[in-house]
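File shown: target_16.cif (mmCIF, C-alpha atoms and all ligand atoms).
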data_data
#
loop_
_atom_site.label_atom_id
_atom_site.label_comp_id
_atom_site.auth_asym_id
_atom_site.auth_seq_id
_atom_site.Cartn_x
_atom_site.Cartn_y
_atom_site.Cartn_z
CA MET T 64 0.00 0.00 0.00
CA ALA T 65 2.97 2.31 0.54
CA THR T 66 3.96 1.73 -3.07
CA ALA T 67 0.39 2.43 -4.20
CA ALA T 68 0.53 5.72 -2.31
CA LEU T 69 3.87 6.57 -3.91
CA LEU T 70 2.51 5.76 -7.39
CA ARG T 71 -0.57 7.86 -6.74
CA ALA T 72 1.48 10.87 -5.68
CA THR T 73 3.92 10.55 -8.58
CA ALA T 74 1.14 10.10 -11.13
CA LEU T 75 -0.84 13.10 -9.88
CA ASP T 76 2.32 15.23 -10.24
CA SER T 77 3.27 13.87 -13.63
CA ARG T 78 2.39 15.52 -16.95
CA LEU T 79 3.52 12.46 -18.92
CA SER T 80 0.06 11.24 -20.01
CA PHE T 81 -0.83 14.73 -21.26
CA GLN T 82 2.51 15.04 -23.08
CA ILE T 83 1.78 11.76 -24.88
CA VAL T 84 -1.65 12.98 -26.04
CA GLU T 85 -0.07 16.26 -27.10
CA SER T 86 2.56 14.34 -29.04
CA VAL T 87 0.15 12.04 -30.93
CA THR T 88 -2.34 14.81 -31.74
CA THR T 89 0.39 17.23 -32.85
CA GLU T 90 2.82 14.91 -34.61
CA VAL T 91 0.28 12.48 -36.13
CA GLY T 92 -3.27 13.82 -35.85
CA PRO T 93 -6.06 11.95 -37.68
CA ARG T 94 -5.26 8.24 -38.01
CA LEU T 95 -8.14 6.42 -39.63
CA ALA T 96 -7.25 2.72 -39.98
CA GLY T 97 -5.60 2.14 -43.34
CA SER T 98 -4.85 5.82 -44.00
CA PRO T 99 -1.38 7.38 -44.28
CA GLY T 100 -2.03 8.85 -40.80
CA ASP T 101 -2.44 5.31 -39.46
CA VAL T 102 0.95 4.32 -40.88
CA ARG T 103 2.50 7.39 -39.23
CA ALA T 104 0.74 6.54 -35.95
CA VAL T 105 2.29 3.07 -35.87
CA ALA T 106 5.76 4.55 -36.43
CA TRP T 107 5.05 7.23 -33.81
CA ALA T 108 3.92 4.65 -31.23
CA GLU T 109 6.93 2.39 -31.77
CA ALA T 110 9.34 5.32 -31.43
CA LYS T 111 7.50 6.75 -28.39
CA LEU T 112 7.40 3.45 -26.51
CA LYS T 113 11.09 2.82 -27.25
CA SER T 114 12.05 6.32 -26.13
CA LEU T 115 10.17 5.79 -22.87
CA GLY T 116 12.40 2.80 -22.10
CA PHE T 117 10.05 -0.20 -22.36
CA ASP T 118 11.95 -3.53 -22.35
CA THR T 119 10.46 -4.78 -25.62
CA VAL T 120 8.45 -3.03 -28.31
CA TRP T 121 6.95 -4.85 -31.29
CA THR T 122 4.08 -4.66 -33.81
CA GLU T 123 1.62 -7.25 -35.09
CA PRO T 124 -0.19 -7.17 -38.46
CA VAL T 125 -3.93 -6.50 -38.64
CA PRO T 126 -5.55 -6.84 -42.10
CA ILE T 127 -8.33 -4.29 -42.57
CA PRO T 128 -10.73 -3.03 -45.22
CA ALA T 129 -9.65 0.43 -46.39
CA TRP T 130 -12.53 2.92 -46.31
CA GLU T 131 -12.02 6.59 -47.16
CA ARG T 132 -14.54 9.33 -46.49
CA GLY T 133 -14.23 11.43 -49.63
CA GLU T 134 -16.50 14.50 -49.82
CA GLY T 135 -19.99 14.98 -48.50
CA THR T 136 -22.57 17.69 -48.99
CA ALA T 137 -26.31 17.96 -48.45
CA GLU T 138 -28.91 20.63 -48.92
CA ILE T 139 -32.61 21.08 -48.47
CA LEU T 140 -34.14 21.94 -51.88
CA THR T 141 -37.75 22.44 -50.81
CA PRO T 142 -39.73 23.94 -49.16
CA PHE T 143 -37.07 26.33 -47.77
CA PRO T 144 -33.67 25.78 -49.47
CA GLN T 145 -30.70 25.66 -47.06
CA PRO T 146 -27.39 23.80 -46.83
CA LEU T 147 -27.06 21.00 -44.23
CA THR T 148 -23.93 20.04 -42.31
CA ILE T 149 -23.36 16.31 -42.64
CA THR T 150 -20.71 13.63 -42.67
CA ALA T 151 -20.72 10.10 -44.05
CA LEU T 152 -20.95 7.22 -41.62
CA GLY T 153 -17.98 4.85 -41.71
CA ASN T 154 -18.45 2.08 -44.30
CA SER T 155 -21.11 4.03 -46.25
CA VAL T 156 -21.17 3.66 -50.02
CA ALA T 157 -21.15 6.71 -52.29
CA THR T 158 -24.05 8.41 -54.02
CA PRO T 159 -23.89 8.84 -57.80
CA PRO T 160 -21.52 11.75 -58.59
CA MET T 161 -24.42 14.15 -59.15
CA GLY T 162 -25.98 13.10 -55.85
CA ILE T 163 -29.40 11.80 -54.88
CA GLU T 164 -32.44 14.08 -54.78
CA ALA T 165 -35.49 12.74 -53.01
CA GLU T 166 -38.24 13.50 -50.56
CA VAL T 167 -37.48 12.87 -46.89
CA VAL T 168 -39.61 10.59 -44.72
CA ALA T 169 -38.90 11.02 -41.00
CA PHE T 170 -38.93 8.50 -38.16
CA PRO T 171 -38.34 9.29 -34.49
CA THR T 172 -36.49 6.04 -33.79
CA LEU T 173 -34.97 3.00 -35.47
CA GLU T 174 -37.88 0.95 -34.13
CA ALA T 175 -40.36 3.25 -35.88
CA LEU T 176 -38.44 2.85 -39.15
CA ALA T 177 -38.38 -0.92 -38.69
CA ALA T 178 -42.17 -0.88 -38.25
CA ALA T 179 -42.79 0.91 -41.58
CA PRO T 180 -44.49 -1.24 -44.27
CA ALA T 181 -42.50 -2.87 -47.07
CA ASP T 182 -41.91 -0.63 -50.09
CA SER T 183 -43.24 2.40 -48.17
CA LEU T 184 -39.96 4.29 -48.71
CA LYS T 185 -39.58 3.60 -52.42
CA GLY T 186 -37.47 6.36 -53.96
CA ARG T 187 -37.34 8.30 -50.67
CA ILE T 188 -34.66 9.34 -48.22
CA ALA T 189 -35.30 7.93 -44.74
CA TYR T 190 -34.39 10.19 -41.82
CA VAL T 191 -34.12 8.85 -38.25
CA GLY T 192 -34.00 11.47 -35.50
CA GLN T 193 -33.32 9.53 -32.32
CA ARG T 194 -31.71 11.77 -29.69
CA MET T 195 -28.89 10.79 -27.39
CA TRP T 196 -29.11 11.98 -23.78
CA ARG T 197 -26.28 12.91 -21.44
CA THR T 198 -25.12 10.39 -18.82
CA GLN T 199 -22.05 10.14 -16.63
CA ASP T 200 -21.40 6.52 -17.60
CA GLY T 201 -22.12 6.88 -21.31
CA SER T 202 -24.87 4.24 -21.21
CA ALA T 203 -27.03 6.30 -23.60
CA TYR T 204 -24.50 5.63 -26.35
CA GLY T 205 -25.21 1.92 -26.39
CA ALA T 206 -28.92 2.69 -26.53
CA VAL T 207 -28.66 4.93 -29.61
CA VAL T 208 -25.85 3.29 -31.59
CA PRO T 209 -28.15 0.67 -33.17
CA MET T 210 -29.72 3.58 -35.11
CA ARG T 211 -26.31 4.50 -36.50
CA SER T 212 -25.34 0.94 -37.42
CA GLY T 213 -28.71 -0.28 -38.63
CA ALA T 214 -30.75 2.60 -40.12
CA ALA T 215 -29.44 2.20 -43.68
CA ALA T 216 -30.27 -1.52 -43.80
CA GLU T 217 -33.78 -0.98 -42.38
CA ALA T 218 -34.39 1.85 -44.86
CA ALA T 219 -33.06 -0.22 -47.79
CA LYS T 220 -35.46 -3.05 -46.89
CA ARG T 221 -38.32 -0.62 -47.49
CA GLY T 222 -37.01 0.73 -50.78
CA ALA T 223 -35.25 3.94 -49.62
CA VAL T 224 -32.47 5.37 -51.81
CA ALA T 225 -30.46 6.99 -48.99
CA THR T 226 -30.54 7.51 -45.22
CA LEU T 227 -29.88 10.43 -42.92
CA ILE T 228 -29.61 10.16 -39.14
CA ARG T 229 -29.37 12.64 -36.30
CA SER T 230 -25.78 12.56 -34.96
CA VAL T 231 -25.12 10.21 -32.07
CA GLY T 232 -23.86 12.96 -29.79
CA THR T 233 -24.96 15.18 -26.89
CA ASP T 234 -23.80 18.59 -28.17
CA THR T 235 -25.73 21.34 -29.89
CA HIS T 236 -22.83 22.43 -32.09
CA ARG T 237 -22.67 22.17 -35.83
CA PHE T 238 -20.33 19.18 -35.88
CA PRO T 239 -21.73 15.96 -37.33
CA HIS T 240 -20.61 12.77 -35.52
CA THR T 241 -19.34 9.94 -37.66
CA GLY T 242 -19.09 6.27 -36.59
CA MET T 243 -19.35 2.80 -38.03
CA MET T 244 -22.44 1.45 -39.81
CA ARG T 245 -23.22 -2.01 -41.23
CA TYR T 246 -25.00 -3.30 -44.31
CA GLU T 247 -26.98 -6.51 -44.34
CA ALA T 248 -26.16 -9.24 -46.83
CA GLY T 249 -28.68 -9.53 -49.65
CA LEU T 250 -30.00 -5.96 -49.33
CA PRO T 251 -29.16 -2.96 -51.53
CA GLN T 252 -26.38 -0.84 -50.01
CA ILE T 253 -27.60 2.76 -49.78
CA PRO T 254 -25.53 5.79 -48.73
CA VAL T 255 -25.92 7.07 -45.15
CA ALA T 256 -24.81 10.28 -43.45
CA ALA T 257 -25.21 11.94 -40.05
CA LEU T 258 -26.60 15.46 -39.65
CA SER T 259 -25.22 17.65 -36.87
CA ASN T 260 -27.77 18.05 -34.07
CA PRO T 261 -28.74 21.65 -35.06
CA ASP T 262 -29.17 20.51 -38.69
CA ALA T 263 -31.35 17.63 -37.56
CA ASP T 264 -33.45 20.18 -35.63
CA LEU T 265 -33.68 22.35 -38.76
CA LEU T 266 -34.78 19.44 -40.95
CA GLU T 267 -37.43 18.46 -38.38
CA ARG T 268 -38.74 22.05 -38.21
CA GLN T 269 -39.13 22.17 -41.99
CA LEU T 270 -40.91 18.80 -41.92
CA ARG T 271 -43.39 20.20 -39.39
CA HIS T 272 -44.60 22.68 -42.01
CA GLY T 273 -46.37 19.75 -43.63
CA LYS T 274 -45.02 20.37 -47.14
CA PRO T 275 -42.81 17.82 -48.92
CA VAL T 276 -39.17 18.28 -47.87
CA THR T 277 -36.69 17.30 -50.56
CA VAL T 278 -32.97 16.96 -49.98
CA ARG T 279 -29.99 16.53 -52.28
CA LEU T 280 -27.22 14.31 -50.81
CA ARG T 281 -23.80 13.82 -52.34
CA LEU T 282 -21.24 11.45 -50.78
CA SER T 283 -18.06 10.10 -52.35
CA PRO T 284 -16.53 7.57 -49.96
CA THR T 285 -14.56 4.66 -51.39
CA THR T 286 -13.69 1.20 -50.13
CA GLY T 287 -10.36 0.00 -51.48
CA PRO T 288 -8.60 -3.35 -51.42
CA GLU T 289 -7.55 -4.78 -48.06
CA ARG T 290 -4.67 -3.01 -46.34
CA GLN T 291 -2.56 -3.82 -43.34
CA SER T 292 -2.55 -1.90 -40.10
CA ARG T 293 -0.50 -2.82 -37.03
CA THR T 294 -1.14 -3.14 -33.31
CA VAL T 295 1.80 -1.78 -31.30
CA ILE T 296 2.80 -3.61 -28.12
CA ALA T 297 5.37 -2.84 -25.39
CA GLU T 298 6.32 -4.62 -22.20
CA ILE T 299 7.89 -4.08 -18.83
CA ARG T 300 9.11 -7.52 -17.90
CA GLY T 301 8.07 -8.90 -14.50
CA ARG T 302 10.87 -9.77 -12.07
CA GLU T 303 9.46 -13.11 -10.86
CA ARG T 304 6.69 -14.30 -13.17
CA PRO T 305 7.42 -12.62 -16.49
CA GLU T 306 5.08 -15.00 -18.34
CA GLU T 307 2.08 -13.65 -16.39
CA ILE T 308 0.64 -10.56 -18.02
CA VAL T 309 -1.29 -7.50 -16.90
CA LEU T 310 -2.66 -5.97 -20.10
CA LEU T 311 -3.26 -2.21 -20.35
CA GLY T 312 -5.00 -1.36 -23.60
CA ALA T 313 -6.02 1.66 -25.66
CA HIS T 314 -6.61 2.02 -29.39
CA LEU T 315 -4.16 3.69 -31.72
CA ASP T 316 -6.51 4.48 -34.60
CA SER T 317 -9.00 7.35 -34.61
CA TRP T 318 -11.67 8.70 -36.90
CA ASP T 319 -10.40 11.04 -39.59
CA LEU T 320 -12.39 14.18 -38.74
CA GLY T 321 -10.59 15.35 -35.58
CA THR T 322 -7.12 14.65 -34.20
CA GLY T 323 -8.21 11.77 -31.95
CA ALA T 324 -7.45 13.52 -28.65
CA ILE T 325 -10.28 12.18 -26.47
CA ASP T 326 -10.78 9.11 -28.69
CA ASP T 327 -8.37 7.63 -28.04
CA GLY T 328 -5.26 9.77 -27.60
CA ALA T 329 -6.29 10.12 -23.95
CA GLY T 330 -6.32 6.34 -23.50
CA ILE T 331 -2.92 6.01 -25.18
CA GLY T 332 -1.55 8.65 -22.81
CA ILE T 333 -3.14 7.08 -19.72
CA VAL T 334 -1.96 3.50 -20.20
CA THR T 335 1.48 4.37 -21.58
CA ALA T 336 2.18 6.79 -18.75
CA ALA T 337 0.78 4.39 -16.13
CA ALA T 338 3.14 1.62 -17.25
CA THR T 339 6.08 4.04 -17.42
CA LEU T 340 5.41 5.23 -13.86
CA ILE T 341 5.43 1.61 -12.66
CA ARG T 342 8.71 1.00 -14.51
CA ASP T 343 10.20 3.98 -12.64
CA LEU T 344 9.48 2.45 -9.21
CA PRO T 345 12.54 1.21 -7.23
CA GLN T 346 11.58 -2.40 -7.98
CA ARG T 347 10.02 -4.09 -11.02
CA PRO T 348 6.63 -5.70 -10.35
CA ARG T 349 6.44 -9.48 -10.03
CA ARG T 350 4.49 -9.90 -13.28
CA THR T 351 4.81 -8.34 -16.74
CA ILE T 352 2.93 -5.17 -17.68
CA ARG T 353 1.99 -5.17 -21.34
CA VAL T 354 0.75 -2.03 -23.10
CA VAL T 355 -1.30 -2.88 -26.19
CA LEU T 356 -2.21 -0.06 -28.59
CA PHE T 357 -4.83 -1.80 -30.70
CA ALA T 358 -5.16 -1.15 -34.43
CA ALA T 359 -8.50 -0.50 -36.14
CA GLU T 360 -10.90 -0.29 -33.18
CA GLU T 361 -13.19 2.29 -34.74
CA ILE T 362 -13.90 0.37 -37.92
CA GLY T 363 -15.10 -2.73 -36.10
CA LEU T 364 -12.84 -3.86 -33.22
CA VAL T 365 -10.52 -5.54 -35.74
CA GLY T 366 -7.31 -5.17 -33.69
CA GLY T 367 -8.89 -6.61 -30.54
CA ARG T 368 -9.98 -9.74 -32.40
CA ALA T 369 -6.58 -10.10 -34.08
CA TYR T 370 -4.80 -9.87 -30.71
CA ALA T 371 -7.04 -12.47 -29.06
CA MET T 372 -6.45 -14.81 -32.00
CA ALA T 373 -2.69 -14.30 -32.22
CA HIS T 374 -2.27 -14.70 -28.43
CA ARG T 375 -4.88 -17.39 -27.79
CA ALA T 376 -2.34 -19.81 -26.31
CA GLU T 377 -1.14 -17.10 -23.94
CA LEU T 378 -4.54 -15.77 -22.82
CA PRO T 379 -4.72 -18.05 -19.75
CA ASN T 380 -1.59 -16.18 -18.55
CA HIS T 381 -3.34 -12.82 -18.72
CA VAL T 382 -4.06 -12.09 -15.05
CA LEU T 383 -5.92 -8.84 -15.79
CA ALA T 384 -6.89 -6.77 -18.81
CA THR T 385 -8.34 -3.27 -18.89
CA GLU T 386 -8.63 -0.68 -21.66
CA ALA T 387 -8.80 3.12 -21.45
CA ASP T 388 -11.19 4.28 -24.18
CA PHE T 389 -13.53 6.82 -22.66
CA GLY T 390 -11.74 10.14 -22.95
CA GLY T 391 -9.67 12.17 -20.52
CA GLY T 392 -12.14 12.61 -17.66
CA ARG T 393 -11.61 11.65 -14.01
CA VAL T 394 -12.24 8.08 -12.90
CA TRP T 395 -15.17 7.94 -10.49
CA ARG T 396 -15.95 4.23 -10.21
CA LEU T 397 -14.21 0.86 -10.21
CA GLU T 398 -16.34 -1.93 -11.66
CA THR T 399 -15.50 -5.59 -11.16
CA ARG T 400 -16.63 -8.80 -12.82
CA LEU T 401 -16.38 -11.45 -10.12
CA PRO T 402 -18.66 -14.16 -8.73
CA GLU T 403 -20.42 -12.86 -5.61
CA ALA T 404 -18.33 -14.97 -3.23
CA ARG T 405 -15.09 -13.57 -4.61
CA ARG T 406 -16.02 -9.91 -4.66
CA PRO T 407 -13.97 -9.21 -1.49
CA GLU T 408 -10.87 -9.78 -3.66
CA ALA T 409 -11.47 -6.38 -5.17
CA LYS T 410 -10.96 -4.83 -1.73
CA PRO T 411 -7.24 -3.97 -2.08
CA PHE T 412 -7.95 -2.28 -5.43
CA ALA T 413 -10.84 -0.31 -3.93
CA THR T 414 -8.83 0.73 -0.85
CA ALA T 415 -5.92 2.00 -2.94
CA LEU T 416 -8.28 3.97 -5.20
CA LEU T 417 -10.30 5.66 -2.43
CA PRO T 418 -7.92 8.63 -2.00
CA LEU T 419 -8.51 9.41 -5.69
CA GLY T 420 -12.24 9.71 -5.00
CA ILE T 421 -13.05 6.42 -6.72
CA ALA T 422 -15.76 4.14 -5.36
CA LEU T 423 -16.13 0.41 -5.87
CA ASP T 424 -19.49 -0.06 -7.53
CA GLY T 425 -20.98 -2.44 -10.05
CA ASN T 426 -20.02 -5.99 -10.99
CA GLU T 427 -20.59 -6.00 -14.74
CA ALA T 428 -17.27 -4.62 -15.95
CA HIS T 429 -16.68 -5.07 -19.66
CA GLY T 430 -13.08 -3.89 -19.49
CA GLY T 431 -13.05 -2.06 -22.83
CA PRO T 432 -14.14 -2.52 -26.45
CA ASP T 433 -11.08 -4.42 -27.67
CA LEU T 434 -11.17 -6.86 -24.76
CA GLY T 435 -14.47 -8.55 -25.65
CA PRO T 436 -12.88 -11.64 -27.25
CA MET T 437 -10.51 -12.06 -24.27
CA ARG T 438 -13.25 -11.58 -21.70
CA ALA T 439 -15.29 -14.22 -23.52
CA VAL T 440 -12.61 -16.83 -22.84
CA GLY T 441 -12.18 -15.92 -19.18
CA VAL T 442 -9.51 -13.22 -19.03
CA PRO T 443 -10.35 -11.18 -15.91
CA VAL T 444 -11.30 -7.56 -16.60
CA LEU T 445 -11.87 -4.45 -14.50
CA THR T 446 -13.35 -1.14 -15.64
CA LEU T 447 -12.15 2.19 -14.33
CA ALA T 448 -15.19 4.27 -15.28
CA GLN T 449 -14.28 7.79 -16.32
CA ASP T 450 -16.69 10.69 -16.14
CA GLY T 451 -18.20 10.77 -19.62
CA SER T 452 -20.75 13.55 -19.07
CA ASP T 453 -19.25 15.63 -21.90
CA TYR T 454 -17.48 12.84 -23.82
CA PHE T 455 -20.18 12.57 -26.47
CA ASP T 456 -20.14 16.33 -27.13
CA VAL T 457 -17.04 15.91 -29.34
CA HIS T 458 -16.72 12.12 -29.80
CA HIS T 459 -16.18 11.20 -33.49
CA THR T 460 -16.28 14.85 -34.62
CA ALA T 461 -13.83 17.36 -36.06
CA ASP T 462 -13.92 18.95 -32.61
CA ASP T 463 -12.02 16.06 -30.95
CA THR T 464 -8.87 18.08 -30.29
CA LEU T 465 -6.24 18.46 -27.55
CA ASP T 466 -7.86 21.50 -25.90
CA LYS T 467 -10.68 19.19 -24.69
CA ILE T 468 -8.24 17.38 -22.38
CA ASP T 469 -7.89 18.59 -18.80
CA PRO T 470 -4.34 17.64 -17.70
CA ALA T 471 -5.34 17.34 -14.02
CA ALA T 472 -8.24 14.97 -14.78
CA LEU T 473 -6.00 12.96 -17.09
CA ALA T 474 -3.37 12.68 -14.34
CA GLN T 475 -6.01 11.39 -11.91
CA ALA T 476 -7.10 8.74 -14.42
CA THR T 477 -3.46 7.81 -15.03
CA ALA T 478 -2.93 7.39 -11.29
CA ALA T 479 -5.93 5.04 -11.11
CA TYR T 480 -4.69 2.88 -14.00
CA ALA T 481 -1.17 2.79 -12.55
CA ILE T 482 -2.46 1.63 -9.17
CA ILE T 483 -4.69 -1.09 -10.62
CA ALA T 484 -1.94 -2.37 -12.89
CA TRP T 485 0.66 -2.37 -10.15
CA LEU T 486 -1.59 -4.19 -7.66
CA ALA T 487 -2.45 -6.84 -10.26
CA ALA T 488 1.19 -7.23 -11.25
CA GLU T 489 2.55 -7.33 -7.71
CA GLY T 490 -0.24 -8.74 -5.52
CA GLU T 491 -0.42 -12.30 -4.22
CA GLY T 492 -4.10 -12.58 -5.13
CA ASP T 493 -5.16 -13.86 -8.53
CA LEU T 494 -8.39 -12.68 -10.16
CA ARG T 495 -8.17 -15.48 -12.75
CA SER T 496 -9.62 -18.26 -10.66
CA GLY T 497 -12.62 -16.02 -10.06
CA ALA T 498 -13.22 -15.20 -13.68
CA GLU T 499 -16.57 -16.26 -15.06
ZN ZN D 501 -12.44 4.85 -28.86
#

Would you mind writing the file's structure down as structure tokens?
Amino acid sequence: MATAALLRATALDSRLSFQIVESVTTEVGPRLAGSPGDVRAVAWAEAKLKSLGFDTVWTEPVPIPAWERGEGTAEILTPFPQPLTITALGNSVATPPMGIEAEVVAFPTLEALAAAPADSLKGRIAYVGQRMWRTQDGSAYGAVVPMRSGAAAEAAKRGAVATLIRSVGTDTHRFPHTGMMRYEAGLPQIPVAALSNPDADLLERQLRHGKPVTVRLRLSPTTGPERQSRTVIAEIRGRERPEEIVLLGAHLDSWDLGTGAIDDGAGIGIVTAAATLIRDLPQRPRRTIRVVLFAAEEIGLVGGRAYAMAHRAELPNHVLATEADFGGGRVWRLETRLPEARRPEAKPFATALLPLGIALDGNEAHGGPDLGPMRAVGVPVLTLAQDGSDYFDVHHTADDTLDKIDPAALAQATAAYAIIAWLAAEGEGDLRSGAE
């Protein structure tokens, strides 16, 4: 516990996590999987981890589809002509070069669209206006994301020629939020874009006039042949049980609109700095700390699956995995995933985190988006829940930039990750036998 206190004090004083976010946003910036920025990000991460003195640094290949955004414009043609601020959703196909002009049919939710009769949208543009609400834990995101992923397929089933959605975001600024969408096999693939929240409001106000609202949409994304991205990995070798691994994850890729500061430069900064602070302690921890900067999270958790596959023989040696992918806010809650009888084993973690204002609460930790395949085969996970009240104001927008990061909050989150990782790497207890 004395070491935990030392780590906490050092981490709260350190600017290292912020400097790392500053470095990746300034020297790399946008790093959409498969783009030239992604290639630069891999080189940046390798060089950064080596310069920070990790024992080993290596990369692993991740084959990915290469999608590029191209250009996107939209405008209302009738009844009151006005331009609209939009962006394509990730994976969307293009419109014809001259665009698509059609009347808009609006639905409040994905469920309402899915209840519309067959062929009822023939030749129309479907618009879905589901709103996301603000929560500290970000749970509203999961509730609204099915609209983003599924609206185009539901609209195509009913004959629509294109789809527009309200941005999945909590802001009222004129930044559309991108994000991944999916087509369904056997259905026509129709283009889909997100309107910024104020533009969605504008479209809805024009629709309320009761006259036909027609929109012209032009999108030019392309999907190229498969490319290769890389997950970047670095280790601090354990002094006694180097084969046992505490995994600290974040994802290296970002969307292309902003500079990937909150998503997920912050996570890269937090886990890299946390591991570095542990390395700087007088004594190495008993077990190995492994930092994994996953490739291609945004476009479908590709790097997380590739890691679980490549390391499947080694997964039973992973004593804990946790991923930082929820911005730069303060950690307010530690969530576990343990059978009831073994929940007391979280006690040392909770005690060490209390001085940071973090409470032990909840037993349904998911650990992080890239850890799903590992969790499914029994790798123990913990979640350090960061305050996400304003995370979805800038998430997946052009406004995801360094100025949104509060260095003091980021240092607090870094301290929490450092403490958790050190306790798991040094402690006598073993969360593995309690894993579900
Ligand atoms: Zn992310």

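With all atoms listed in the file as the basis for measurement, T:Thr158 is the residue among T:Thr148, T:Thr73, T:Thr158, T:Thr446 that approaches Ser283 in chain T most closely.
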
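Between ligand ZN 501 (chain D) and the candidates T:Thr277, T:Thr88, T:Ser317, T:Ser202, the tightest atom-to-atom separation, counting all atoms listed in the file, involves T:Ser317.
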
Within 6 Å of ligand ZN 501 (chain D): each chain T residue with its shortest pair, all atoms listed in the file, as CSV:
residue,atom,partner,partner_atom,distance
T:Asp326,CA,D:ZN501,ZN,4.6
T:Asp327,CA,D:ZN501,ZN,5.0
T:Asp388,CA,D:ZN501,ZN,4.9

At a cut-off of 9 Å, can you tabulate as CSV every residue of range 161-190 of chain T near range 217-232 of chain T together with its closest atom pair and the distance in Å to one decimal, using all atoms listed in the file and ordering rows by chain then number?
residue,atom,partner,partner_atom,distance
T:Ile163,CA,T:Ala225,CA,7.7
T:Ala165,CA,T:Val224,CA,8.1
T:Val167,CA,T:Leu227,CA,8.9
T:Leu173,CA,T:Glu217,CA,8.1
T:Leu176,CA,T:Glu217,CA,6.8
T:Ala177,CA,T:Glu217,CA,5.9
T:Ala179,CA,T:Arg221,CA,7.6
T:Pro180,CA,T:Arg221,CA,7.0
T:Ala181,CA,T:Arg221,CA,4.8
T:Asp182,CA,T:Arg221,CA,4.4
T:Ser183,CA,T:Arg221,CA,5.8
T:Leu184,CA,T:Ala223,CA,4.8
T:Lys185,CA,T:Gly222,CA,4.2
T:Gly186,CA,T:Ala223,CA,5.4
T:Arg187,CA,T:Ala223,CA,4.9
T:Ile188,CA,T:Ala225,CA,4.9
T:Ala189,CA,T:Thr226,CA,4.8
T:Tyr190,CA,T:Leu227,CA,4.6

Non-local contacts of Ser155 in chain T (8 Å; all atoms listed in the file; under 6 positions in same chain excluded) as a JSON list (two decimals) with C-alpha atoms, in the frame of the given file:
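To be explicit, this is the file written out as out-v5.json:
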[["chain", "number", "residue", "atom", "x", "y", "z"],
["T", 244, "MET", "CA", -22.44, 1.45, -39.81],
["T", 253, "ILE", "CA", -27.60, 2.76, -49.78],
["T", 254, "PRO", "CA", -25.53, 5.79, -48.73],
["T", 255, "VAL", "CA", -25.92, 7.07, -45.15],
["T", 256, "ALA", "CA", -24.81, 10.28, -43.45],
["T", 284, "PRO", "CA", -16.53, 7.57, -49.96]]

Problem set entry | Which of T:Gln449, T:Gln145, T:Ser292, T:Asn260 sits closest to Gly420 in chain T [using all atoms listed in the file] | T:Gln449

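Distances to Arg396 in chain T were evaluated for T:Ala428, T:Val207, T:Leu315, T:Met161 using all atoms listed in the file, and the minimum falls at T:Ala428.
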
Do you have, as a Markdown table, the list of residues of range 447-492 of chain T lying at most 12 Å from range 90-98 of chain T, each with its nearest atom pair and that distance in Å to one decimal, counting all atoms listed in the file and ordered by chain then number?
| residue | atom | partner | partner_atom | distance |
| --- | --- | --- | --- | --- |
| T:His459 | CA | T:Pro93 | CA | 11.0 |
| T:Thr460 | CA | T:Pro93 | CA | 11.1 |
| T:Ala461 | CA | T:Pro93 | CA | 9.6 |
| T:Asp462 | CA | T:Pro93 | CA | 11.7 |
| T:Asp463 | CA | T:Pro93 | CA | 9.9 |
| T:Thr464 | CA | T:Gly92 | CA | 9.0 |
| T:Leu465 | CA | T:Gly92 | CA | 10.0 |

Select from range 346-465 of chain T every residue with an atom at most 8 Å from any atom of range 474-486 of chain T, then for each give the shortest pair of atoms and their distance in Å to one decimal, using all atoms listed in the file, rows by chain and rising number, as CSV.
residue,atom,partner,partner_atom,distance
T:Pro348,CA,T:Trp485,CA,6.8
T:Ile352,CA,T:Ala484,CA,7.4
T:Gly391,CA,T:Ala476,CA,7.5
T:Gly392,CA,T:Ala476,CA,7.1
T:Arg393,CA,T:Ala476,CA,5.4
T:Val394,CA,T:Ala476,CA,5.4
T:Pro411,CA,T:Leu486,CA,7.9
T:Phe412,CA,T:Ile483,CA,6.2
T:Ala415,CA,T:Ile482,CA,7.1
T:Leu416,CA,T:Ala479,CA,6.4
T:Leu419,CA,T:Gln475,CA,7.0
T:Leu447,CA,T:Tyr480,CA,7.5
T:Gln449,CA,T:Ala476,CA,7.5

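Comparing T:Asp456, T:Glu164, T:Glu134, T:Asp316 by their smallest distance to Val276 in chain T, the closest is T:Glu164 (using all atoms listed in the file).
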
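Between Ala169 in chain T and the residues T:Asp264, T:Glu247, T:Glu109, T:Glu307, the shortest atom-to-atom distance, using only C-alpha atoms, involves T:Asp264.
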
For this session: Quick one: pull the distance between CA of Arg349 in chain T and CA of Gly490 in chain T, Å, one decimal.
Result: 8.1 Å

For this session: Find the spatial neighbours of Thr150 in chain T, counting only C-alpha atoms, within a cut-off of 7 Å - ignore same-chain residues fewer than 4 positions away - and output them as a ChimeraX atom specification.
Result: /T:135,239,241,256-258

For this session: Can you pull out every residue within 10 Å of Ala338 in chain T, counting all atoms listed in the file, but drop anything in the same chain fewer than 2 positions away, and send it as a PyMOL selection string?
Result: chain T and resi 115+117+297-299+310-311+333-336+340-343+352-354+477+480-482+484-485

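Atom pair CA of Val191 in chain T / CA of His272 in chain T: separated by 17.8 Å.
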
For this session: Have a look at CA of Ala324 in chain T and CA of Leu473 in chain T and let me know their distance in Å, one decimal.
Result: 11.7 Å
